[in-house]
file model_9.cif (mmCIF, C-alpha atoms and all ligand atoms)
data_entry
loop_
_atom_site.label_atom_id
_atom_site.label_comp_id
_atom_site.auth_asym_id
_atom_site.auth_seq_id
_atom_site.Cartn_x
_atom_site.Cartn_y
_atom_site.Cartn_z
CA MET Y 1098 -28.46 5.06 25.06
CA SER Y 1099 -25.58 3.35 26.82
CA ASP Y 1100 -23.72 0.49 25.17
CA ILE Y 1101 -24.85 -2.58 27.05
CA ILE Y 1102 -22.30 -4.91 25.44
CA SER Y 1103 -18.67 -3.99 25.86
CA LEU Y 1104 -16.30 -4.40 22.93
CA ALA Y 1105 -13.21 -6.60 22.78
CA SER Y 1106 -10.06 -4.75 23.82
CA ARG Y 1107 -8.44 -5.60 20.47
CA VAL Y 1108 -11.02 -3.38 18.75
CA THR Y 1109 -10.68 -0.47 21.13
CA GLN Y 1110 -6.94 -0.22 20.51
CA ILE Y 1111 -7.28 0.39 16.76
CA ALA Y 1112 -8.92 3.09 14.61
CA PRO Y 1113 -10.73 2.62 11.28
CA SER Y 1114 -8.53 2.90 8.18
CA PRO Y 1115 -7.91 6.66 7.81
CA THR Y 1116 -7.45 6.44 4.01
CA LEU Y 1117 -10.85 4.83 3.58
CA ALA Y 1118 -12.37 7.24 6.14
CA VAL Y 1119 -11.17 10.37 4.29
CA ASN Y 1120 -12.32 8.89 0.98
CA ALA Y 1121 -15.79 8.21 2.41
CA LYS Y 1122 -15.98 11.78 3.77
CA ALA Y 1123 -14.88 13.28 0.43
CA LYS Y 1124 -17.43 11.17 -1.45
CA ALA Y 1125 -20.22 12.16 0.96
CA LEU Y 1126 -19.39 15.87 0.59
CA LYS Y 1127 -19.33 15.47 -3.19
CA ALA Y 1128 -22.68 13.67 -3.15
CA ALA Y 1129 -24.06 16.57 -1.08
CA GLY Y 1130 -23.13 18.91 -3.92
CA GLU Y 1131 -19.75 20.24 -2.70
CA ASP Y 1132 -17.06 20.83 -5.31
CA ILE Y 1133 -14.49 18.44 -3.78
CA LEU Y 1134 -11.27 17.40 -5.51
CA ASN Y 1135 -10.41 13.99 -4.11
CA PHE Y 1136 -6.71 13.13 -3.73
CA SER Y 1137 -7.28 10.83 -0.77
CA VAL Y 1138 -7.67 7.19 -1.61
CA GLY Y 1139 -5.02 5.18 -3.42
CA GLU Y 1140 -6.68 3.51 -6.35
CA PRO Y 1141 -5.97 3.79 -10.08
CA ASP Y 1142 -8.36 6.13 -11.92
CA PHE Y 1143 -8.45 3.59 -14.78
CA ASP Y 1144 -11.25 1.13 -15.44
CA THR Y 1145 -10.43 -2.57 -15.19
CA PRO Y 1146 -9.39 -3.63 -18.74
CA LEU Y 1147 -12.28 -4.99 -20.79
CA HIS Y 1148 -10.91 -8.50 -21.32
CA ILE Y 1149 -10.66 -8.92 -17.54
CA CYS Y 1150 -14.24 -7.72 -16.99
CA GLU Y 1151 -15.40 -10.08 -19.74
CA ALA Y 1152 -13.65 -12.99 -18.03
CA GLY Y 1153 -15.45 -12.14 -14.78
CA LYS Y 1154 -18.82 -12.03 -16.56
CA LYS Y 1155 -18.10 -15.26 -18.43
CA ALA Y 1156 -17.23 -16.97 -15.15
CA ILE Y 1157 -20.72 -16.19 -13.89
CA ASP Y 1158 -22.29 -17.38 -17.16
CA ASP Y 1159 -20.22 -20.57 -16.96
CA GLY Y 1160 -21.59 -21.28 -13.50
CA HIS Y 1161 -18.50 -20.43 -11.45
CA THR Y 1162 -20.72 -19.24 -8.66
CA ARG Y 1163 -19.94 -21.80 -5.97
CA TYR Y 1164 -17.27 -22.30 -3.35
CA THR Y 1165 -13.81 -22.92 -4.75
CA ALA Y 1166 -10.76 -24.40 -3.06
CA VAL Y 1167 -9.95 -22.27 0.01
CA PRO Y 1168 -6.55 -20.99 -1.28
CA GLY Y 1169 -8.01 -20.22 -4.72
CA ILE Y 1170 -8.68 -22.13 -7.95
CA PRO Y 1171 -5.64 -24.22 -9.02
CA GLU Y 1172 -5.42 -22.39 -12.39
CA LEU Y 1173 -5.02 -19.05 -10.66
CA ARG Y 1174 -2.40 -20.33 -8.22
CA GLU Y 1175 -0.56 -21.82 -11.18
CA ALA Y 1176 -0.80 -18.49 -13.02
CA VAL Y 1177 0.61 -16.63 -10.01
CA ALA Y 1178 3.47 -19.14 -9.80
CA ASN Y 1179 4.12 -18.67 -13.55
CA ARG Y 1180 4.17 -14.87 -13.24
CA PHE Y 1181 6.67 -15.09 -10.35
CA ARG Y 1182 8.86 -17.44 -12.40
CA GLU Y 1183 8.69 -15.44 -15.64
CA ASP Y 1184 8.92 -11.96 -14.09
CA HIS Y 1185 11.45 -12.69 -11.34
CA GLY Y 1186 12.86 -16.20 -11.71
CA TRP Y 1187 11.33 -17.28 -8.38
CA GLU Y 1188 10.20 -20.91 -8.13
CA TYR Y 1189 7.03 -21.47 -6.11
CA SER Y 1190 4.75 -24.48 -6.38
CA PRO Y 1191 1.00 -23.74 -6.53
CA GLU Y 1192 0.78 -25.15 -2.96
CA GLN Y 1193 3.04 -22.29 -1.87
CA ILE Y 1194 0.55 -19.71 -3.14
CA GLN Y 1195 -2.54 -18.45 -1.39
CA VAL Y 1196 -5.14 -16.35 -3.19
CA CYS Y 1197 -7.13 -14.14 -0.83
CA CYS Y 1198 -9.64 -11.27 -0.70
CA GLY Y 1199 -7.24 -8.45 -1.62
CA GLY Y 1200 -3.71 -7.63 -0.59
CA LYS Y 1201 -4.96 -6.28 2.73
CA HIS Y 1202 -6.49 -9.66 3.57
CA GLY Y 1203 -3.26 -11.43 2.61
CA LEU Y 1204 -1.32 -9.29 5.08
CA TYR Y 1205 -3.91 -9.97 7.75
CA ASN Y 1206 -3.58 -13.73 7.17
CA ILE Y 1207 0.23 -13.52 7.35
CA PHE Y 1208 0.22 -11.73 10.71
CA GLN Y 1209 -2.45 -14.05 12.10
CA ALA Y 1210 -0.36 -17.04 11.01
CA VAL Y 1211 2.99 -16.00 12.51
CA ILE Y 1212 2.53 -13.44 15.26
CA ASP Y 1213 2.07 -14.36 18.92
CA PRO Y 1214 1.47 -11.92 21.78
CA GLY Y 1215 4.78 -10.26 22.61
CA ASP Y 1216 6.23 -10.69 19.13
CA GLU Y 1217 7.59 -7.51 17.57
CA VAL Y 1218 7.37 -6.53 13.92
CA LEU Y 1219 9.74 -3.93 12.50
CA ILE Y 1220 7.85 -1.43 10.35
CA PRO Y 1221 9.76 1.31 8.54
CA ALA Y 1222 7.90 4.67 8.77
CA PRO Y 1223 6.28 6.40 6.91
CA TYR Y 1224 4.28 3.17 6.64
CA TRP Y 1225 1.03 2.14 5.02
CA VAL Y 1226 -1.82 2.81 7.48
CA SER Y 1227 -2.92 -0.78 8.03
CA TYR Y 1228 0.38 -2.43 9.03
CA PRO Y 1229 0.47 -1.44 12.74
CA PRO Y 1230 -3.23 -2.20 13.45
CA MET Y 1231 -2.91 -5.59 11.72
CA VAL Y 1232 0.09 -6.47 13.88
CA GLN Y 1233 -1.88 -5.36 16.96
CA LEU Y 1234 -4.93 -7.40 15.94
CA ALA Y 1235 -2.63 -10.44 15.93
CA GLY Y 1236 -1.48 -9.53 19.47
CA GLY Y 1237 1.93 -8.34 18.33
CA THR Y 1238 3.78 -5.08 18.87
CA PRO Y 1239 4.64 -2.82 15.93
CA VAL Y 1240 8.14 -1.35 16.29
CA ILE Y 1241 8.55 1.71 14.13
CA VAL Y 1242 11.87 2.22 12.33
CA PRO Y 1243 12.11 5.85 11.18
CA LEU Y 1244 13.07 6.71 7.60
CA ASP Y 1245 14.33 10.19 6.81
CA GLU Y 1246 13.10 12.52 4.08
CA LYS Y 1247 16.74 13.62 3.63
CA ASP Y 1248 17.60 10.04 2.58
CA ASP Y 1249 14.66 9.96 0.12
CA PHE Y 1250 13.01 7.71 2.71
CA ASP Y 1251 15.54 4.94 2.11
CA LEU Y 1252 16.46 2.84 5.15
CA ASN Y 1253 19.70 3.76 6.84
CA PRO Y 1254 21.22 0.30 7.44
CA ASP Y 1255 23.12 1.56 10.51
CA ILE Y 1256 19.94 2.13 12.52
CA LEU Y 1257 18.32 -1.25 11.94
CA ALA Y 1258 20.15 -2.90 14.84
CA ASP Y 1259 18.88 -0.18 17.22
CA TYR Y 1260 15.29 -1.38 16.79
CA ALA Y 1261 15.90 -5.13 16.78
CA THR Y 1262 15.36 -7.07 20.00
CA ASP Y 1263 15.23 -10.75 20.85
CA ARG Y 1264 11.44 -10.48 20.47
CA THR Y 1265 11.66 -9.31 16.82
CA LYS Y 1266 9.78 -11.83 14.72
CA ALA Y 1267 9.41 -10.11 11.37
CA ILE Y 1268 10.25 -7.08 9.28
CA LEU Y 1269 8.05 -5.37 6.70
CA VAL Y 1270 9.42 -4.29 3.35
CA ASN Y 1271 7.26 -2.10 1.09
CA SER Y 1272 9.11 -0.87 -1.97
CA PRO Y 1273 7.71 1.10 -3.83
CA SER Y 1274 6.24 2.51 -0.66
CA ASN Y 1275 2.83 3.81 0.15
CA PRO Y 1276 2.81 6.72 1.11
CA THR Y 1277 6.23 8.02 -0.01
CA GLY Y 1278 6.63 6.37 -3.43
CA SER Y 1279 10.24 5.75 -2.43
CA LEU Y 1280 12.20 2.57 -3.04
CA LEU Y 1281 14.54 0.74 -0.73
CA SER Y 1282 18.03 0.76 -2.21
CA ALA Y 1283 19.93 -2.45 -2.92
CA SER Y 1284 22.19 -1.69 0.06
CA ALA Y 1285 19.24 -1.21 2.44
CA LEU Y 1286 17.72 -4.48 1.22
CA GLU Y 1287 21.09 -6.17 1.64
CA ALA Y 1288 21.25 -5.01 5.28
CA ILE Y 1289 17.70 -6.17 5.96
CA GLY Y 1290 18.33 -9.52 4.26
CA ARG Y 1291 21.62 -10.15 6.09
CA MET Y 1292 20.08 -9.33 9.47
CA ALA Y 1293 16.98 -11.43 8.74
CA LEU Y 1294 19.22 -14.40 7.91
CA GLU Y 1295 21.37 -13.89 10.97
CA LYS Y 1296 18.44 -13.46 13.39
CA GLY Y 1297 15.90 -15.79 11.77
CA TRP Y 1298 13.32 -13.07 11.07
CA LEU Y 1299 10.43 -13.46 8.68
CA VAL Y 1300 10.55 -10.90 5.85
CA ILE Y 1301 7.13 -9.75 4.67
CA THR Y 1302 7.55 -7.99 1.35
CA ASP Y 1303 4.48 -6.04 0.23
CA ASP Y 1304 5.06 -5.71 -3.52
CA ILE Y 1305 1.61 -4.36 -4.41
CA TYR Y 1306 3.11 -1.39 -6.33
CA ASP Y 1307 5.91 -3.31 -8.08
CA THR Y 1308 4.51 -2.79 -11.60
CA ILE Y 1309 4.26 0.98 -11.14
CA THR Y 1310 7.79 2.34 -11.05
CA TYR Y 1311 9.60 5.24 -12.72
CA LEU Y 1312 12.96 3.52 -13.01
CA ASP Y 1313 15.22 2.82 -15.96
CA GLY Y 1314 16.51 -0.44 -14.57
CA ASP Y 1315 15.10 -3.26 -12.47
CA LEU Y 1316 13.48 -2.77 -9.10
CA PRO Y 1317 15.83 -4.15 -6.41
CA HIS Y 1318 14.17 -6.94 -4.41
CA ILE Y 1319 14.91 -8.54 -1.06
CA LEU Y 1320 14.91 -12.03 -2.65
CA ASP Y 1321 17.85 -10.94 -4.84
CA VAL Y 1322 20.02 -10.50 -1.73
CA ASP Y 1323 20.48 -14.20 -0.96
CA SER Y 1324 18.57 -17.23 -2.25
CA ARG Y 1325 18.28 -18.61 1.30
CA LEU Y 1326 15.91 -15.76 2.17
CA LYS Y 1327 13.14 -17.46 0.20
CA ASP Y 1328 12.69 -19.89 3.13
CA GLN Y 1329 11.86 -17.03 5.47
CA THR Y 1330 10.04 -14.56 3.23
CA VAL Y 1331 6.41 -14.13 2.31
CA VAL Y 1332 5.81 -12.18 -0.90
CA LEU Y 1333 2.50 -10.30 -0.95
CA ASN Y 1334 0.99 -8.95 -4.15
CA GLY Y 1335 -2.33 -8.67 -5.96
CA VAL Y 1336 -4.17 -7.31 -8.94
CA SER Y 1337 -5.75 -4.25 -7.24
CA LYS Y 1338 -3.17 -1.68 -8.34
CA SER Y 1339 -1.47 -3.38 -11.30
CA PHE Y 1340 -4.71 -4.10 -13.18
CA ALA Y 1341 -6.98 -1.41 -11.69
CA MET Y 1342 -9.01 -4.08 -9.88
CA THR Y 1343 -9.42 -2.59 -6.40
CA GLY Y 1344 -13.09 -3.56 -6.16
CA TRP Y 1345 -12.60 -7.17 -7.24
CA ARG Y 1346 -10.70 -7.98 -4.03
CA ILE Y 1347 -8.04 -10.44 -5.19
CA GLY Y 1348 -4.60 -10.58 -3.60
CA TYR Y 1349 -2.06 -13.37 -3.31
CA SER Y 1350 0.88 -14.47 -1.19
CA ALA Y 1351 3.77 -16.83 -1.83
CA GLY Y 1352 5.98 -18.29 0.85
CA PRO Y 1353 7.28 -21.33 2.73
CA ASP Y 1354 4.85 -24.31 2.74
CA HIS Y 1355 4.16 -24.29 6.47
CA ILE Y 1356 3.30 -20.58 6.55
CA ILE Y 1357 0.99 -20.78 3.52
CA LYS Y 1358 -0.63 -23.88 5.04
CA ALA Y 1359 -1.23 -21.98 8.28
CA MET Y 1360 -2.66 -19.03 6.35
CA ASN Y 1361 -4.98 -21.44 4.52
CA LYS Y 1362 -6.18 -22.79 7.86
CA ILE Y 1363 -7.05 -19.26 8.95
CA GLN Y 1364 -8.70 -18.47 5.62
CA SER Y 1365 -10.74 -21.71 5.82
CA GLN Y 1366 -12.11 -20.64 9.21
CA SER Y 1367 -12.79 -17.03 8.29
CA THR Y 1368 -13.57 -16.01 4.68
CA SER Y 1369 -13.26 -19.37 2.81
CA ASN Y 1370 -12.27 -18.77 -0.82
CA PRO Y 1371 -12.22 -15.30 -2.39
CA SER Y 1372 -15.13 -14.58 -4.76
CA ALA Y 1373 -15.12 -17.20 -7.55
CA PRO Y 1374 -15.89 -14.86 -10.52
CA ALA Y 1375 -13.25 -12.41 -9.29
CA GLN Y 1376 -10.69 -15.23 -9.30
CA TYR Y 1377 -11.44 -15.93 -12.98
CA ALA Y 1378 -11.08 -12.22 -13.72
CA ALA Y 1379 -7.70 -12.21 -11.95
CA LEU Y 1380 -6.71 -15.29 -13.97
CA ALA Y 1381 -7.41 -13.33 -17.17
CA ALA Y 1382 -5.35 -10.43 -15.78
CA LEU Y 1383 -2.30 -12.60 -15.06
CA THR Y 1384 -2.44 -14.76 -18.19
CA GLY Y 1385 -3.62 -12.13 -20.72
CA PRO Y 1386 -1.78 -9.15 -22.23
CA GLN Y 1387 0.68 -7.65 -19.77
CA ASP Y 1388 0.89 -4.13 -21.22
CA PHE Y 1389 -1.76 -2.52 -19.00
CA PRO Y 1390 0.46 -1.61 -16.00
CA ALA Y 1391 2.88 0.12 -18.40
CA THR Y 1392 0.01 2.11 -19.96
CA MET Y 1393 -1.01 3.34 -16.53
CA GLN Y 1394 2.56 4.07 -15.54
CA GLU Y 1395 3.02 6.18 -18.69
CA ALA Y 1396 -0.04 8.24 -17.79
CA PHE Y 1397 1.24 8.75 -14.24
CA VAL Y 1398 4.64 10.18 -15.24
CA PRO Y 1399 3.53 13.69 -16.37
CA ARG Y 1400 1.15 13.95 -13.42
CA ARG Y 1401 3.90 13.07 -10.98
CA ASP Y 1402 6.32 15.51 -12.63
CA PHE Y 1403 3.82 18.36 -12.51
CA PHE Y 1404 2.74 17.65 -8.92
CA VAL Y 1405 6.27 17.41 -7.56
CA GLN Y 1406 7.54 20.50 -9.39
CA ASP Y 1407 4.54 22.59 -8.42
CA LEU Y 1408 4.75 21.55 -4.76
CA ARG Y 1409 8.47 22.30 -4.68
CA SER Y 1410 7.84 25.79 -6.10
CA ILE Y 1411 5.80 26.69 -2.99
CA LYS Y 1412 7.90 28.44 -0.37
CA GLY Y 1413 8.66 26.21 2.61
CA VAL Y 1414 7.44 22.97 0.99
CA SER Y 1415 9.74 20.04 0.21
CA CYS Y 1416 8.75 16.92 -1.70
CA VAL Y 1417 10.71 13.78 -2.47
CA ASN Y 1418 10.35 12.66 -6.09
CA PRO Y 1419 8.47 9.34 -5.98
CA LYS Y 1420 10.15 6.50 -7.87
CA GLY Y 1421 7.09 4.28 -7.78
CA ALA Y 1422 3.39 4.02 -6.83
CA PHE Y 1423 1.10 7.04 -7.34
CA TYR Y 1424 1.50 9.25 -4.30
CA VAL Y 1425 3.30 12.47 -3.48
CA PHE Y 1426 4.18 13.03 0.16
CA PRO Y 1427 5.14 16.70 0.64
CA ASN Y 1428 6.43 18.20 3.88
CA PHE Y 1429 4.28 21.17 4.97
CA SER Y 1430 5.61 21.50 8.51
CA SER Y 1431 6.84 25.07 7.90
CA TYR Y 1432 3.15 26.05 7.83
CA TYR Y 1433 2.45 24.60 11.29
CA GLY Y 1434 1.83 27.43 13.76
CA LYS Y 1435 0.23 29.67 11.11
CA SER Y 1436 -3.45 30.69 11.32
CA PHE Y 1437 -6.48 31.67 9.29
CA GLN Y 1438 -9.50 33.41 10.84
CA GLY Y 1439 -8.50 32.46 14.36
CA LYS Y 1440 -7.84 28.80 13.55
CA THR Y 1441 -4.25 27.63 13.95
CA ILE Y 1442 -2.70 24.85 11.91
CA THR Y 1443 -0.91 22.69 14.45
CA ASP Y 1444 -0.32 19.40 12.66
CA SER Y 1445 -1.08 17.28 9.58
CA VAL Y 1446 -4.68 16.64 10.69
CA SER Y 1447 -5.52 20.34 11.07
CA LEU Y 1448 -3.79 21.16 7.76
CA SER Y 1449 -5.59 18.36 5.91
CA ASP Y 1450 -8.89 19.58 7.47
CA TYR Y 1451 -8.04 23.13 6.40
CA PHE Y 1452 -7.41 21.96 2.81
CA LEU Y 1453 -10.78 20.21 2.84
CA ASP Y 1454 -12.73 23.14 4.36
CA GLN Y 1455 -10.95 26.02 2.65
CA ALA Y 1456 -9.77 24.53 -0.66
CA LYS Y 1457 -12.26 21.66 -1.06
CA VAL Y 1458 -9.25 19.38 -1.53
CA ALA Y 1459 -9.29 15.94 0.13
CA SER Y 1460 -5.93 14.54 1.26
CA VAL Y 1461 -4.67 12.16 3.95
CA PRO Y 1462 -2.80 13.59 6.97
CA GLY Y 1463 0.72 12.24 7.34
CA ILE Y 1464 0.12 11.19 10.93
CA ALA Y 1465 -1.95 8.30 9.52
CA PHE Y 1466 1.34 7.02 8.08
CA GLY Y 1467 3.35 7.84 11.21
CA ALA Y 1468 4.79 11.09 9.78
CA ASP Y 1469 3.04 14.23 11.03
CA ASP Y 1470 5.08 16.73 8.98
CA PHE Y 1471 3.56 15.45 5.74
CA ILE Y 1472 0.32 15.19 3.75
CA ARG Y 1473 -0.38 12.46 1.18
CA PHE Y 1474 -1.96 13.18 -2.19
CA SER Y 1475 -2.73 10.47 -4.74
CA PHE Y 1476 -1.99 11.39 -8.34
CA ALA Y 1477 -4.18 8.63 -9.70
CA THR Y 1478 -6.49 11.33 -10.98
CA SER Y 1479 -6.59 13.57 -14.05
CA MET Y 1480 -4.02 16.26 -14.86
CA GLU Y 1481 -6.85 18.87 -14.88
CA ILE Y 1482 -7.83 17.93 -11.32
CA ILE Y 1483 -4.19 18.01 -10.21
CA GLN Y 1484 -3.67 21.47 -11.73
CA GLU Y 1485 -6.89 22.82 -10.21
CA GLY Y 1486 -6.07 21.16 -6.87
CA MET Y 1487 -2.59 22.68 -6.77
CA GLN Y 1488 -4.00 26.15 -7.46
CA ARG Y 1489 -6.44 25.73 -4.58
CA ILE Y 1490 -3.69 24.47 -2.25
CA ARG Y 1491 -1.49 27.44 -3.15
CA ASP Y 1492 -4.36 29.88 -2.50
CA ALA Y 1493 -5.23 28.22 0.81
CA LEU Y 1494 -1.59 28.29 1.98
CA ALA Y 1495 -1.26 31.96 0.95
CA GLN Y 1496 -4.10 32.85 3.31
CA LEU Y 1497 -2.24 31.49 6.34
CA SER Y 1498 -0.26 33.98 8.38
N1 LIG Y 1501 -0.40 -2.69 0.63
C1 LIG Y 1501 -0.31 -1.39 0.33
C2 LIG Y 1501 0.98 -0.71 0.57
C3 LIG Y 1501 -1.41 -0.69 -0.17
O1 LIG Y 1501 -1.31 0.60 -0.45
C4 LIG Y 1501 -2.61 -1.38 -0.37
C5 LIG Y 1501 -3.77 -0.60 -0.91
N2 LIG Y 1501 -4.96 -0.80 -0.33
C6 LIG Y 1501 -2.65 -2.75 -0.05
C7 LIG Y 1501 -1.52 -3.38 0.44
C8 LIG Y 1501 -3.88 -3.60 -0.18
O2 LIG Y 1501 -4.42 -3.64 -1.42
P1 LIG Y 1501 -5.80 -4.34 -1.71
O3 LIG Y 1501 -6.33 -4.89 -0.42
O4 LIG Y 1501 -6.69 -3.27 -2.24
O5 LIG Y 1501 -5.51 -5.40 -2.69
N1 LIG Y 1502 -4.13 1.42 -0.15
C1 LIG Y 1502 -5.00 2.47 -0.55
C2 LIG Y 1502 -4.63 3.74 0.15
O1 LIG Y 1502 -3.67 3.77 0.86
C3 LIG Y 1502 -6.45 2.09 -0.39
C4 LIG Y 1502 -7.10 2.37 0.93
C5 LIG Y 1502 -6.78 1.36 1.96
O2 LIG Y 1502 -6.97 0.18 1.71
O3 LIG Y 1502 -6.34 1.79 3.03
O4 LIG Y 1502 -5.28 4.74 -0.05
#

call {"tool": "encode", "arguments": {"input": "model_9.cif", "output": "structure tokens", "more": "lines below"}}
Ligand code: PMP
Ligand code: GLU
result
Amino acid sequence: MSDIISLASRVTQIAPSPTLAVNAKAKALKAAGEDILNFSVGEPDFDTPLHICEAGKKAIDDGHTRYTAVPGIPELREAVANRFREDHGWEYSPEQIQVCCGGKHGLYNIFQAVIDPGDEVLIPAPYWVSYPPMVQLAGGTPVIVPLDEKDDFDLNPDILADYATDRTKAILVNSPSNPTGSLLSASALEAIGRMALEKGWLVITDDIYDTITYLDGDLPHILDVDSRLKDQTVVLNGVSKSFAMTGWRIGYSAGPDHIIKAMNKIQSQSTSNPSAPAQYAALAALTGPQDFPATMQEAFVPRRDFFVQDLRSIKGVSCVNPKGAFYVFPNFSSYYGKSFQGKTITDSVSLSDYFLDQAKVASVPGIAFGADDFIRFSFATSMEIIQEGMQRIRDALAQLS
């Protein structure tokens, strides 16, 4: 049957989220009885803490089942403002906060609010899969700024100017990064901040992994560079990763009044408020005990250490040690060109497919993050699965010649 109705060109220029696509495929294979080890999607393997679930249930019992204010219930916006003040010393009024349907939705609202056709957004690569399509959906042009594995995927300040044009409107900062787990150094942030001030760029800082770091000291932040940056920065965060609440769909942004107001206008004409019970659950997350992210982080450390060391012990594989988030991003390019039973591995997609077919291991090809030499594995899964998965990967690689 032919498609009678043509689709909008904005849809035809983007692909579905590859992380969610691989996860769906792995789950379907598992449901069909295949022994799949799933390292694809990035979500904590912890349950949402009980007190948060209870708050969500209580909200329903208390009748919080109707529309709320578009940018979120005042108590939650206040709680977000308090967390920012207590954790970072940043002053935001509740009117400068928008609560939305997950961090992804917050980013979408930001781009819709500030990007016009022709505007360029600087995106350091490897990047999270959804940044370029979201810029494109807003009519903008993603401009990819390459980061080098040799620099631990830090930004080389000297190259920033090479990618800036008079059409640059914004720059994305994501530290800790998905997919590399790397951080931007204080000097890289300084260079970004100085250039943003000089050129009048918007800085969009996606801090969704900021509670999951493997650092002794504080995480450097773009807002530490110069207090004036606050007037041209939107901070994006949420409870998905920090409180294992991916399914609740609550994110939040903080920024200059006029940008948040514009984002609220968009939200009022698209989703309205995020789910009311989920907002009360998020309120319990932000105002209750704050030890949960540290508990998760502690569990991630031995998994990360094992994964990185085991990957590095394979001939021809390099792997940067992640300083945050829960991903390893090894370089397998020395295996490209090798074959098994007449099939040649040519790139990250064919290698990731080979891992799935041959080793029953689900991963995300690096090309989805703009880095074809690499494959992403999430270590938000048990040590047993990581050990078993690594054995299978080793065996699969050993069969290539
Ligand atoms: N930013 C990054 C870098 C992410 O990895 C994710 C994970 N999905 C998000 C934003 C969005 O998170 P969510 O929509 O699940 O809150
Ligand atoms: N951010 C997670 C990931 O990268 C969740 C999937 C998604 O939203 O793309 O796997």

call {"tool": "residues_around", "arguments": {"input": "model_9.cif", "residues": "Y:Pro1141", "least_positions_apart": "6", "cutoff": "9 Å", "atoms": "all atoms listed in the file", "output": "PyMOL selection string"}}
result
chain Y and resi 1337-1343+1393+1423+1476-1478

call {"tool": "residues_around", "arguments": {"input": "model_9.cif", "residues": "Y:Tyr1306", "least_positions_apart": "4", "cutoff": "8 Å", "atoms": "only C-alpha atoms", "output": "PyMOL selection string"}}
result
chain Y and resi 1272-1274+1310+1338-1339+1421-1422

call {"tool": "closest_residue", "arguments": {"input": "model_9.cif", "among": "Y:Val1300, Y:Ile1442, Y:Leu1453, Y:Ile1464", "to": "Y:Ile1490", "atoms": "all atoms listed in the file"}}
result
Y:Leu1453

call {"tool": "residues_near_ligand", "arguments": {"input": "model_9.cif", "ligand": "ligand LIG 1502 (chain Y)", "cutoff": "6 Å", "atoms": "all atoms listed in the file", "output": "PyMOL selection string"}}
result
chain Y and resi 1114+1116-1117+1138-1139

call {"tool": "write_last_selection", "arguments": {"input": "model_9.cif", "atoms": "C-alpha atoms", "output": "PDB file, in the coordinates of the input"}}
result
ATOM      1  CA  SER Y1114      -8.530   2.900   8.180  1.00  0.00           C
ATOM      2  CA  THR Y1116      -7.450   6.440   4.010  1.00  0.00           C
ATOM      3  CA  LEU Y1117     -10.850   4.830   3.580  1.00  0.00           C
ATOM      4  CA  VAL Y1138      -7.670   7.190  -1.610  1.00  0.00           C
ATOM      5  CA  GLY Y1139      -5.020   5.180  -3.420  1.00  0.00           C
TER       6      GLY Y1139
END

call {"tool": "closest_residue", "arguments": {"input": "model_9.cif", "among": "Y:Gln1364, Y:Ser1137, Y:Gln1329, Y:Gln1387", "to": "ligand LIG 1501 (chain Y)", "atoms": "only C-alpha atoms and all ligand atoms"}}
result
Y:Ser1137

call {"tool": "atom_distance", "arguments": {"input": "model_9.cif", "atom1": "atom CA of Y:Trp1345", "atom2": "atom CA of Y:Gly1153"}}
result
9.5 Å

call {"tool": "axis_aligned_box", "arguments": {"input": "model_9.cif", "around": "ligand LIG 1501 (chain Y)", "padding_each_side": "4 Å", "output": "JSON"}}
result
{"center_x": -2.9, "center_y": -2.4, "center_z": -1.0, "size_x": 15.7, "size_y": 14.0, "size_z": 11.3}

call {"tool": "atom_distance", "arguments": {"input": "model_9.cif", "atom1": "atom CA of Y:Ala1468", "atom2": "atom CA of Y:Asp1248"}}
result
14.7 Å

call {"tool": "residues_near_ligand", "arguments": {"input": "model_9.cif", "ligand": "ligand LIG 1501 (chain Y)", "cutoff": "8 Å", "atoms": "only C-alpha atoms and all ligand atoms", "output": "list in words"}}
result
Gly1139, Glu1140, Cys1198, Gly1199, Gly1200, Lys1201, His1202, Gly1203, Leu1204, Tyr1224, Trp1225, Asn1271, Ser1274, Asn1275, Pro1276, Asp1303, Asp1304, Ile1305, Tyr1306, Asn1334, Gly1335, Val1336, Ser1337, Lys1338, Thr1343, Gly1344, Arg1346, Ile1347 and Gly1348 of chain Y

call {"tool": "atom_distance", "arguments": {"input": "model_9.cif", "atom1": "atom CA of Y:Gly1186", "atom2": "atom CA of Y:Ala1285"}}
result
21.6 Å

call {"tool": "closest_residue", "arguments": {"input": "model_9.cif", "among": "Y:His1355, Y:Arg1291, Y:Lys1124, Y:Lys1362", "to": "Y:Ser1324", "atoms": "all atoms listed in the file"}}
result
Y:Arg1291

call {"tool": "residues_near_point", "arguments": {"input": "model_9.cif", "point": "(2.9, -8.1, 26.8)", "cutoff": "10 Å", "atoms": "all atoms listed in the file", "output": "list in words"}}
result
Pro1214, Gly1215, Asp1216, Gly1236, Gly1237 and Thr1238 of chain Y

call {"tool": "closest_residue", "arguments": {"input": "model_9.cif", "among": "Y:Ala1128, Y:Ile1170, Y:Leu1104, Y:Val1119", "to": "Y:Val1458", "atoms": "all atoms listed in the file"}}
result
Y:Val1119

call {"tool": "closest_atom_pairs", "arguments": {"input": "model_9.cif", "of": "stretch 1373-1415 of chain Y", "to": "stretch 1176-1182 of chain Y", "cutoff": "7 Å", "atoms": "only C-alpha atoms", "output": "JSON lines"}}
result
{"residue": "Y:Leu1380", "atom": "CA", "partner": "Y:Ala1176", "partner_atom": "CA", "distance": 6.8}
{"residue": "Y:Leu1383", "atom": "CA", "partner": "Y:Ala1176", "partner_atom": "CA", "distance": 6.4}
{"residue": "Y:Thr1384", "atom": "CA", "partner": "Y:Ala1176", "partner_atom": "CA", "distance": 6.6}

call {"tool": "closest_residue", "arguments": {"input": "model_9.cif", "among": "Y:Asn1253, Y:Thr1368, Y:Ser1431, Y:Gln1488", "to": "Y:Leu1134", "atoms": "all atoms listed in the file"}}
result
Y:Gln1488
